[in-house]
Structures are given as C-alpha cells and as structure tokens.
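> You'll find data-v1.tsv just under this line, and it carries TSV, C-alpha atoms.
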```
chain	number	residue	atom	x	y	z
M	1	MET	CA	-4.95	49.52	-27.25
M	2	GLU	CA	-2.95	52.52	-26.21
M	3	ALA	CA	-4.83	52.43	-22.91
M	4	PHE	CA	-2.49	49.75	-21.54
M	5	TYR	CA	0.84	51.24	-22.47
M	6	GLY	CA	2.14	53.31	-19.62
M	7	TYR	CA	-1.20	53.13	-17.84
M	8	MET	CA	-2.61	50.39	-15.64
M	9	PRO	CA	-5.69	51.59	-13.84
M	10	THR	CA	-6.89	50.07	-10.61
M	11	LEU	CA	-9.75	47.67	-11.40
M	12	GLU	CA	-12.44	47.06	-8.78
M	13	THR	CA	-14.71	44.05	-8.27
M	14	PRO	CA	-17.01	43.30	-5.33
M	15	ARG	CA	-14.24	41.56	-3.34
M	16	LEU	CA	-11.04	42.53	-5.13
M	17	ARG	CA	-8.90	45.45	-6.14
M	18	LEU	CA	-6.52	44.79	-9.04
M	19	ARG	CA	-3.69	47.30	-8.70
M	20	LYS	CA	-0.05	47.88	-9.46
M	21	LEU	CA	2.32	46.21	-7.06
M	22	SER	CA	4.59	48.20	-4.76
M	23	MET	CA	7.51	47.25	-2.54
M	24	ARG	CA	5.19	47.20	0.49
M	25	ASP	CA	3.61	44.07	-1.04
M	26	ALA	CA	6.78	41.97	-0.76
M	27	GLN	CA	5.74	40.04	2.36
M	28	ASP	CA	2.30	39.24	0.90
M	29	ILE	CA	3.87	38.02	-2.36
M	30	PHE	CA	6.37	35.89	-0.48
M	31	ASP	CA	3.69	34.43	1.81
M	32	TYR	CA	1.90	32.71	-1.08
M	33	SER	CA	4.79	32.36	-3.57
M	34	GLN	CA	6.78	30.14	-1.23
M	35	ASP	CA	4.03	27.49	-1.44
M	36	PRO	CA	5.14	24.66	-3.78
M	37	GLN	CA	1.48	23.96	-4.63
M	38	VAL	CA	1.03	27.54	-5.90
M	39	ALA	CA	4.24	27.30	-7.94
M	40	ARG	CA	3.49	23.81	-9.26
M	41	TYR	CA	1.93	24.78	-12.62
M	42	VAL	CA	3.50	28.19	-13.21
M	43	LEU	CA	6.85	28.87	-14.85
M	44	TRP	CA	8.52	30.15	-11.67
M	45	GLU	CA	9.92	28.19	-8.75
M	46	ALA	CA	8.52	28.54	-5.24
M	47	GLN	CA	10.26	31.47	-3.61
M	48	THR	CA	12.70	30.75	-0.81
M	49	SER	CA	13.32	34.25	0.55
M	50	LEU	CA	11.73	37.66	0.90
M	51	SER	CA	14.45	39.05	-1.38
M	52	GLU	CA	13.02	36.96	-4.25
M	53	ALA	CA	9.63	38.62	-3.74
M	54	ARG	CA	11.34	42.03	-3.77
M	55	SER	CA	13.15	41.11	-7.01
M	56	TYR	CA	9.85	40.12	-8.62
M	57	ILE	CA	8.28	43.43	-7.59
M	58	ARG	CA	11.28	45.38	-8.96
M	59	PHE	CA	10.80	43.47	-12.24
M	60	MET	CA	7.11	44.51	-12.33
M	61	LEU	CA	7.93	48.12	-11.42
M	62	ARG	CA	10.34	48.24	-14.38
M	63	LYS	CA	7.61	46.88	-16.69
M	64	TYR	CA	5.19	49.53	-15.39
M	65	ARG	CA	7.74	52.30	-16.07
M	66	LEU	CA	8.42	51.02	-19.59
M	67	GLY	CA	4.73	50.55	-20.38
M	68	GLU	CA	5.22	46.84	-21.07
M	69	PRO	CA	2.63	44.12	-20.46
M	70	ALA	CA	2.66	43.39	-16.73
M	71	SER	CA	0.67	41.98	-13.83
M	72	TRP	CA	-1.67	43.59	-11.37
M	73	GLY	CA	-1.60	42.53	-7.75
M	74	ILE	CA	-4.87	40.97	-6.63
M	75	GLU	CA	-5.74	42.71	-3.37
M	76	TRP	CA	-8.34	41.14	-1.07
M	77	LYS	CA	-10.33	44.23	-0.10
M	78	GLU	CA	-11.28	42.84	3.30
M	79	THR	CA	-7.65	42.77	4.47
M	80	GLY	CA	-5.79	44.96	1.97
M	81	ARG	CA	-3.32	42.10	1.37
M	82	ILE	CA	-2.08	40.90	-2.02
M	83	ILE	CA	-3.28	37.31	-2.54
M	84	GLY	CA	-2.18	36.76	-6.16
M	85	THR	CA	-1.38	38.35	-9.49
M	86	ILE	CA	-3.07	38.56	-12.87
M	87	GLY	CA	-1.94	40.28	-16.01
M	88	PHE	CA	-0.97	40.22	-19.64
M	89	MET	CA	1.96	38.05	-20.67
M	90	TRP	CA	2.09	39.62	-24.12
M	91	ILE	CA	0.05	41.98	-26.25
M	92	GLN	CA	0.08	42.05	-30.06
M	93	ARG	CA	-1.10	45.48	-31.17
M	94	ASP	CA	-1.34	44.56	-34.85
M	95	ASN	CA	-3.64	41.63	-34.10
M	96	ALA	CA	-5.54	43.21	-31.17
M	97	ALA	CA	-4.69	40.10	-29.15
M	98	ALA	CA	-3.20	39.30	-25.77
M	99	GLU	CA	-2.49	36.43	-23.40
M	100	VAL	CA	-3.43	36.51	-19.73
M	101	GLY	CA	-1.78	34.62	-16.89
M	102	TYR	CA	-2.46	34.42	-13.17
M	103	SER	CA	-1.59	32.86	-9.81
M	104	LEU	CA	-3.41	32.80	-6.49
M	105	SER	CA	-2.65	32.01	-2.87
M	106	ARG	CA	-3.82	28.49	-1.99
M	107	ALA	CA	-5.77	29.86	0.99
M	108	TYR	CA	-8.10	31.52	-1.55
M	109	TRP	CA	-8.59	28.64	-3.99
M	110	ASN	CA	-12.09	27.36	-4.82
M	111	ARG	CA	-13.86	30.58	-3.80
M	112	GLY	CA	-14.50	32.08	-7.24
M	113	ILE	CA	-11.81	34.70	-6.69
M	114	MET	CA	-9.77	34.04	-9.82
M	115	THR	CA	-12.95	33.93	-11.90
M	116	GLU	CA	-13.85	37.37	-10.52
M	117	ALA	CA	-10.36	38.72	-11.28
M	118	LEU	CA	-10.25	37.22	-14.78
M	119	ARG	CA	-13.66	38.68	-15.66
M	120	ALA	CA	-12.43	42.12	-14.60
M	121	LEU	CA	-9.33	41.77	-16.77
M	122	LEU	CA	-11.34	40.54	-19.77
M	123	ARG	CA	-13.72	43.50	-19.37
M	124	TYR	CA	-10.77	45.90	-19.30
M	125	GLY	CA	-9.10	44.22	-22.28
M	126	PHE	CA	-12.18	44.34	-24.48
M	127	ARG	CA	-13.68	47.66	-23.40
M	128	SER	CA	-10.68	49.86	-22.63
M	129	MET	CA	-7.90	48.31	-24.69
M	130	ASN	CA	-10.12	47.43	-27.64
M	131	LEU	CA	-8.69	43.92	-27.88
M	132	ASN	CA	-10.41	41.42	-30.15
M	133	ARG	CA	-8.96	38.19	-28.71
M	134	ILE	CA	-7.66	37.23	-25.29
M	135	GLU	CA	-6.16	33.82	-24.72
M	136	ALA	CA	-4.81	31.82	-21.80
M	137	GLN	CA	-3.20	28.44	-21.35
M	138	HIS	CA	-2.86	25.95	-18.53
M	139	GLU	CA	-1.03	22.70	-18.05
M	140	THR	CA	-3.26	19.72	-18.78
M	141	GLU	CA	-2.54	18.48	-15.24
M	142	ASN	CA	-4.17	21.64	-13.81
M	143	PRO	CA	-7.84	21.35	-14.84
M	144	ALA	CA	-8.97	23.84	-12.15
M	145	SER	CA	-7.40	26.63	-14.18
M	146	GLY	CA	-9.36	25.53	-17.25
M	147	ALA	CA	-12.55	25.64	-15.16
M	148	VAL	CA	-11.85	29.30	-14.34
M	149	MET	CA	-11.39	30.06	-18.04
M	150	ARG	CA	-14.63	28.30	-19.00
M	151	LYS	CA	-16.59	30.14	-16.27
M	152	CYS	CA	-15.45	33.39	-17.89
M	153	GLY	CA	-16.69	32.29	-21.32
M	154	MET	CA	-13.35	31.25	-22.77
M	155	GLN	CA	-13.46	28.34	-25.20
M	156	ARG	CA	-10.97	25.49	-25.34
M	157	GLU	CA	-9.19	25.56	-28.68
M	158	GLY	CA	-6.98	22.53	-28.27
M	159	THR	CA	-4.00	20.84	-26.70
M	160	LEU	CA	-0.52	22.11	-27.48
M	161	ARG	CA	1.72	19.11	-26.98
M	162	GLN	CA	4.92	19.70	-25.00
M	163	ARG	CA	4.42	23.45	-25.47
M	164	LEU	CA	6.39	24.49	-22.40
M	165	LEU	CA	9.48	23.41	-20.51
M	166	ASN	CA	8.44	23.68	-16.86
M	167	LYS	CA	10.71	22.63	-14.02
M	168	GLY	CA	12.78	20.35	-16.19
M	169	ARG	CA	10.04	18.63	-18.15
M	170	PHE	CA	8.08	19.36	-21.30
M	171	VAL	CA	4.39	19.77	-20.53
M	172	ASP	CA	1.22	19.77	-22.60
M	173	VAL	CA	-1.05	22.79	-22.27
M	174	GLU	CA	-4.68	23.50	-23.07
M	175	LEU	CA	-5.23	26.70	-25.04
M	176	TYR	CA	-8.35	28.75	-24.33
M	177	ALA	CA	-9.51	32.01	-25.91
M	178	ILE	CA	-12.40	34.42	-25.96
M	179	LEU	CA	-13.32	36.98	-28.62
M	180	ARG	CA	-14.76	40.41	-27.92
M	181	ARG	CA	-18.01	39.46	-29.67
M	182	ASP	CA	-18.43	36.46	-27.32
M	183	PHE	CA	-17.69	38.27	-24.04
M	184	ARG	CA	-20.69	38.49	-21.71
M	185	ASP	CA	-20.06	40.62	-18.66
```
Any chance you could give the structure as structure tokens?


Amino acid sequence: MEAFYGYMPTLETPRLRLRKLSMRDAQDIFDYSQDPQVARYVLWEAQTSLSEARSYIRFMLRKYRLGEPASWGIEWKETGRIIGTIGFMWIQRDNAAAEVGYSLSRAYWNRGIMTEALRALLRYGFRSMNLNRIEAQHETENPASGAVMRKCGMQREGTLRQRLLNKGRFVDVELYAILRRDFRD
C-alpha cells in the first residue's frame, strides 16, 4: 500500500483523466460545487464563492504533500475541465482497506462517468496499492450512487442507521464494499 503515500499517479480512462488538483482548477470546482443538487448528499455545503473552491484545493494540496488519503480531480478529456472529484476518505494499512468517496457535476450525471472513474480507482486500489477491501457509502435517499457502486461490482452490506450528521440531520446510509478477489476489470 505504500504506492499511495506521497504518490498519486494520473489515472486514465477512455473519457477521463484522474489527476491531482491544482489552483488552476478553482473555477471548475466552483462551477459545479455551487450547485445545491450536487452538494445535497455530500458532507459539504454548496460553495458560495470562488475563494471556497481555492480553500478546498489548498486543503487537497496539503494532503498531497503529507501523503495523506486525498481526492483526484476528474478531468473530462474532451475539454480539460475538472467535472468532479473521487478519492480515498481513509486508508487502513493494517487491514488493507479503504473507503472511497466522490462527487460529480450535475451536467455529467447519468452518462456512466462516475462508474468509469470508480472502476479506475478500484483497479488502482487493488492492483497498485494491494488493498483487499474497498468500501463506499451513500445516503439512502440517493439511490443513484448505489447504482454506480453496484455497476462496479460492489455489494450492499447493509443500512447504517443515522450513521452521519449531514446538514443538521442524522441520515441513514447504505454500506457497499468489494473485495480484491471479487473485482472484475
């Protein structure tokens, strides 16, 4: 699992480039992060200014420097713009396990883009980081996210009641996971 720490390679798919964020991505991040529908099921509020996007990028740059679990920007190859993020929320070295999280611009929903990005991250996690288990969770009110997980071979493991406090209310989440032995590229 040492591959992740201090090193986040660019990952390529047919339509996407998963890469480290840079300050030049601030406008792209703000463009989709200000959408309340994008922020609805994630743990951050819709952004209200470009400075919030810059602060988020500075936070990611610090994580990159420290070799901590972080997010890649999802670049749409056709335009070179960042349309979302995907990355590891935590990594447990001792258990060879990690959790993945993601968000995507509403203009790109329902096009198989997040499925493509998640498959690339699962491939990297199992092949390069030697992880055994990768999990993800979504609010029960956001079944589209669960559909992405299932398309990538993740299995639903159950409902975690009132697992998270999101925007002032406790929410139930569905927990999904995939094991290395079950991953089909």

> Given the choices M:Tyr7, M:Tyr41, M:Tyr124, M:Phe30, which gets closest to Gly67 (chain M) if the distance is worked out from all atoms listed in the file?

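That would be M:Tyr7, the residue with the smallest distance to Gly67 (chain M).
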
> Per residue of region 78-121 of chain M within 10 Å of region 164-179 of chain M, record the nearest atom pair and its distance in Å to one decimal, counting only C-alpha atoms, with rows in chain order and ascending residue number, as a tab-separated table.


```
residue	atom	partner	partner_atom	distance
M:Ala97	CA	M:Leu179	CA	9.2
M:Ala98	CA	M:Ala177	CA	9.6
M:Glu99	CA	M:Ala177	CA	8.7
M:Val100	CA	M:Ala177	CA	9.8
```

> Would you write out those residues with C-alpha atoms, as a PDB file, in the frame of the given file?


```pdb
ATOM      1  CA  ALA M  97      -4.690  40.100 -29.150  1.00  0.00           C
ATOM      2  CA  ALA M  98      -3.200  39.300 -25.770  1.00  0.00           C
ATOM      3  CA  GLU M  99      -2.490  36.430 -23.400  1.00  0.00           C
ATOM      4  CA  VAL M 100      -3.430  36.510 -19.730  1.00  0.00           C
TER       5      VAL M 100
END
```

> Can you tell me how far CA of Gly80 (chain M) sits from CA of Arg58 (chain M), in Å to one decimal?

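Computing the Euclidean distance for CA of Gly80 (chain M) and CA of Arg58 (chain M) yields 20.3 Å.
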
> Counting all atoms listed in the file, which residues sit no farther than 10 Å from the position (-1.5, 18.2, -13.2) in the file's frame? I'd like them as a compact mmCIF listing (two decimals) with C-alpha atoms, in the frame of the given file.


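Result file selection_0.txt:
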```txt
# COMPACT_ATOMS: atom_id res chain seq x y z
CA ARG M 40 3.49 23.81 -9.26
CA TYR M 41 1.93 24.78 -12.62
CA HIS M 138 -2.86 25.95 -18.53
CA GLU M 139 -1.03 22.70 -18.05
CA THR M 140 -3.26 19.72 -18.78
CA GLU M 141 -2.54 18.48 -15.24
CA ASN M 142 -4.17 21.64 -13.81
CA PRO M 143 -7.84 21.35 -14.84
CA ALA M 144 -8.97 23.84 -12.15
CA VAL M 171 4.39 19.77 -20.53
CA ASP M 172 1.22 19.77 -22.60
```

> Point out the residue among M:Ile86, M:Leu122, M:Ile29, M:Leu131 with the least atom-to-atom distance to Ala70 (chain M), counting only C-alpha atoms.

M:Ile86

> What is the CA of Gln92 (chain M) to CA of Gly153 (chain M) distance in Å?

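Between CA of Gln92 (chain M) and CA of Gly153 (chain M) the gap is 21.3 Å.
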
> Please work out which residues fall within 9 Å of (-3.5, 38.3, 0.0), coordinates as given in the file, with all atoms listed in the file counting, and return them as an MDAnalysis selection string.

chainID M and resid 28:29 31:32 74:76 79:84 104:105 107:108

> If I take CA of Gly112 (chain M) and CA of Leu160 (chain M), how far is one from the other in Å, to one decimal?

26.5 Å

> With distances taken over only C-alpha atoms, which residue among M:Arg180, M:Arg15, M:Arg106, M:Arg150 lies nearest Arg127 (chain M)?

M:Arg180

> Let me make sure I understand: among M:Met114, M:Ala120, M:Ile134, M:Lys77, which one has the smallest atom-to-atom distance to Trp90 (chain M) if we use all atoms listed in the file?

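Of M:Met114, M:Ala120, M:Ile134, M:Lys77, the one nearest Trp90 (chain M) is M:Ile134, counting all atoms listed in the file.
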
> Within 8 Å of Gln34 (chain M), counting only C-alpha atoms, which residues qualify if same-chain residues fewer than 2 places away don't, as an mmCIF file with C-alpha atoms, keeping the file's coordinate frame?


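Below is the file selection-v9.cif, written as the result:
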```cif
data_model
loop_
_atom_site.group_PDB
_atom_site.id
_atom_site.type_symbol
_atom_site.label_atom_id
_atom_site.label_comp_id
_atom_site.auth_asym_id
_atom_site.auth_seq_id
_atom_site.Cartn_x
_atom_site.Cartn_y
_atom_site.Cartn_z
ATOM 1 C CA PHE M 30 6.370 35.890 -0.480
ATOM 2 C CA ASP M 31 3.690 34.430 1.810
ATOM 3 C CA TYR M 32 1.900 32.710 -1.080
ATOM 4 C CA PRO M 36 5.140 24.660 -3.780
ATOM 5 C CA VAL M 38 1.030 27.540 -5.900
ATOM 6 C CA ALA M 39 4.240 27.300 -7.940
ATOM 7 C CA ALA M 46 8.520 28.540 -5.240
ATOM 8 C CA GLN M 47 10.260 31.470 -3.610
ATOM 9 C CA THR M 48 12.700 30.750 -0.810
ATOM 10 C CA SER M 49 13.320 34.250 0.550
#
```

> Quick one: of M:Asn95, M:Thr159, M:Ser103, M:Ser33, who's nearest to Asn130 (chain M), counting all atoms listed in the file?

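The shortest atom-to-atom distance to Asn130 (chain M) comes from M:Asn95.
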
> Compile the contact shell of Met8 (chain M) as number ranges by chain: residues with an atom at most 12 Å away, counting only C-alpha atoms, same-chain residues fewer than 4 positions apart removed.

M: 1-4, 18-21, 60-61, 63-73, 87-88, 121, 124-125, 128-129

> Give the answer as one residue: which of M:Leu50, M:Ala26, M:Ile57, M:Val148 has the shortest atom-to-atom distance to Leu118 (chain M), using all atoms listed in the file?

M:Val148

> Can region 150-175 of chain M be brought up to N, CA, C and O atoms and written out as a JSON list (two decimals), in the coordinates of the input?


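Dumped everything to result.json:
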```json
[["chain", "number", "residue", "atom", "x", "y", "z"],
["M", 150, "ARG", "N", -13.29, 28.61, -18.48],
["M", 150, "ARG", "CA", -14.63, 28.30, -19.00],
["M", 150, "ARG", "C", -15.71, 29.13, -18.32],
["M", 150, "ARG", "O", -16.64, 29.61, -18.97],
["M", 151, "LYS", "N", -15.60, 29.33, -17.00],
["M", 151, "LYS", "CA", -16.59, 30.14, -16.27],
["M", 151, "LYS", "C", -16.63, 31.57, -16.78],
["M", 151, "LYS", "O", -17.65, 32.25, -16.66],
["M", 152, "CYS", "N", -15.52, 32.03, -17.35],
["M", 152, "CYS", "CA", -15.45, 33.39, -17.89],
["M", 152, "CYS", "C", -15.82, 33.44, -19.37],
["M", 152, "CYS", "O", -15.69, 34.48, -20.00],
["M", 153, "GLY", "N", -16.26, 32.32, -19.93],
["M", 153, "GLY", "CA", -16.69, 32.29, -21.32],
["M", 153, "GLY", "C", -15.62, 31.95, -22.32],
["M", 153, "GLY", "O", -15.86, 31.98, -23.53],
["M", 154, "MET", "N", -14.42, 31.62, -21.85],
["M", 154, "MET", "CA", -13.35, 31.25, -22.77],
["M", 154, "MET", "C", -13.63, 29.85, -23.31],
["M", 154, "MET", "O", -14.19, 29.01, -22.61],
["M", 155, "GLN", "N", -13.24, 29.63, -24.56],
["M", 155, "GLN", "CA", -13.46, 28.34, -25.20],
["M", 155, "GLN", "C", -12.13, 27.61, -25.38],
["M", 155, "GLN", "O", -11.13, 28.23, -25.77],
["M", 156, "ARG", "N", -12.16, 26.32, -25.13],
["M", 156, "ARG", "CA", -10.97, 25.49, -25.34],
["M", 156, "ARG", "C", -10.74, 25.36, -26.84],
["M", 156, "ARG", "O", -11.65, 25.01, -27.59],
["M", 157, "GLU", "N", -9.53, 25.64, -27.26],
["M", 157, "GLU", "CA", -9.19, 25.56, -28.68],
["M", 157, "GLU", "C", -8.31, 24.36, -29.01],
["M", 157, "GLU", "O", -8.12, 24.06, -30.17],
["M", 158, "GLY", "N", -7.76, 23.72, -28.00],
["M", 158, "GLY", "CA", -6.98, 22.53, -28.27],
["M", 158, "GLY", "C", -5.84, 22.32, -27.30],
["M", 158, "GLY", "O", -5.60, 23.13, -26.40],
["M", 159, "THR", "N", -5.16, 21.20, -27.51],
["M", 159, "THR", "CA", -4.00, 20.84, -26.70],
["M", 159, "THR", "C", -2.74, 21.14, -27.49],
["M", 159, "THR", "O", -2.62, 20.74, -28.65],
["M", 160, "LEU", "N", -1.82, 21.83, -26.87],
["M", 160, "LEU", "CA", -0.52, 22.11, -27.48],
["M", 160, "LEU", "C", 0.47, 21.16, -26.81],
["M", 160, "LEU", "O", 0.83, 21.33, -25.64],
["M", 161, "ARG", "N", 0.88, 20.16, -27.54],
["M", 161, "ARG", "CA", 1.72, 19.11, -26.98],
["M", 161, "ARG", "C", 3.12, 19.62, -26.69],
["M", 161, "ARG", "O", 3.76, 20.26, -27.52],
["M", 162, "GLN", "N", 3.59, 19.32, -25.47],
["M", 162, "GLN", "CA", 4.92, 19.70, -25.00],
["M", 162, "GLN", "C", 5.26, 21.15, -25.34],
["M", 162, "GLN", "O", 6.37, 21.48, -25.74],
["M", 163, "ARG", "N", 4.31, 22.02, -25.14],
["M", 163, "ARG", "CA", 4.42, 23.45, -25.47],
["M", 163, "ARG", "C", 5.46, 24.17, -24.61],
["M", 163, "ARG", "O", 6.14, 25.06, -25.07],
["M", 164, "LEU", "N", 5.53, 23.77, -23.33],
["M", 164, "LEU", "CA", 6.39, 24.49, -22.40],
["M", 164, "LEU", "C", 7.37, 23.56, -21.69],
["M", 164, "LEU", "O", 7.03, 22.40, -21.43],
["M", 165, "LEU", "N", 8.53, 24.10, -21.37],
["M", 165, "LEU", "CA", 9.48, 23.41, -20.51],
["M", 165, "LEU", "C", 9.28, 23.99, -19.12],
["M", 165, "LEU", "O", 9.56, 25.17, -18.88],
["M", 166, "ASN", "N", 8.74, 23.20, -18.21],
["M", 166, "ASN", "CA", 8.44, 23.68, -16.86],
["M", 166, "ASN", "C", 9.10, 22.76, -15.84],
["M", 166, "ASN", "O", 8.79, 21.58, -15.77],
["M", 167, "LYS", "N", 10.02, 23.34, -15.09],
["M", 167, "LYS", "CA", 10.71, 22.63, -14.02],
["M", 167, "LYS", "C", 11.35, 21.34, -14.52],
["M", 167, "LYS", "O", 11.22, 20.27, -13.92],
["M", 168, "GLY", "N", 12.00, 21.46, -15.66],
["M", 168, "GLY", "CA", 12.78, 20.35, -16.19],
["M", 168, "GLY", "C", 12.05, 19.34, -17.04],
["M", 168, "GLY", "O", 12.63, 18.36, -17.48],
["M", 169, "ARG", "N", 10.76, 19.58, -17.30],
["M", 169, "ARG", "CA", 10.04, 18.63, -18.15],
["M", 169, "ARG", "C", 9.14, 19.38, -19.12],
["M", 169, "ARG", "O", 8.63, 20.45, -18.82],
["M", 170, "PHE", "N", 8.98, 18.79, -20.30],
["M", 170, "PHE", "CA", 8.08, 19.36, -21.30],
["M", 170, "PHE", "C", 6.65, 19.00, -20.93],
["M", 170, "PHE", "O", 6.37, 17.83, -20.63],
["M", 171, "VAL", "N", 5.77, 19.99, -20.95],
["M", 171, "VAL", "CA", 4.39, 19.77, -20.53],
["M", 171, "VAL", "C", 3.42, 20.18, -21.63],
["M", 171, "VAL", "O", 3.67, 21.10, -22.40],
["M", 172, "ASP", "N", 2.31, 19.43, -21.68],
["M", 172, "ASP", "CA", 1.22, 19.77, -22.60],
["M", 172, "ASP", "C", 0.37, 20.86, -21.95],
["M", 172, "ASP", "O", 0.20, 20.87, -20.73],
["M", 173, "VAL", "N", -0.17, 21.74, -22.78],
["M", 173, "VAL", "CA", -1.05, 22.79, -22.27],
["M", 173, "VAL", "C", -2.33, 22.83, -23.08],
["M", 173, "VAL", "O", -2.36, 22.45, -24.25],
["M", 174, "GLU", "N", -3.39, 23.26, -22.42],
["M", 174, "GLU", "CA", -4.68, 23.50, -23.07],
["M", 174, "GLU", "C", -4.74, 24.99, -23.39],
["M", 174, "GLU", "O", -4.47, 25.82, -22.52],
["M", 175, "LEU", "N", -5.10, 25.31, -24.62],
["M", 175, "LEU", "CA", -5.23, 26.70, -25.04],
["M", 175, "LEU", "C", -6.70, 27.09, -25.04],
["M", 175, "LEU", "O", -7.54, 26.38, -25.60]]
```
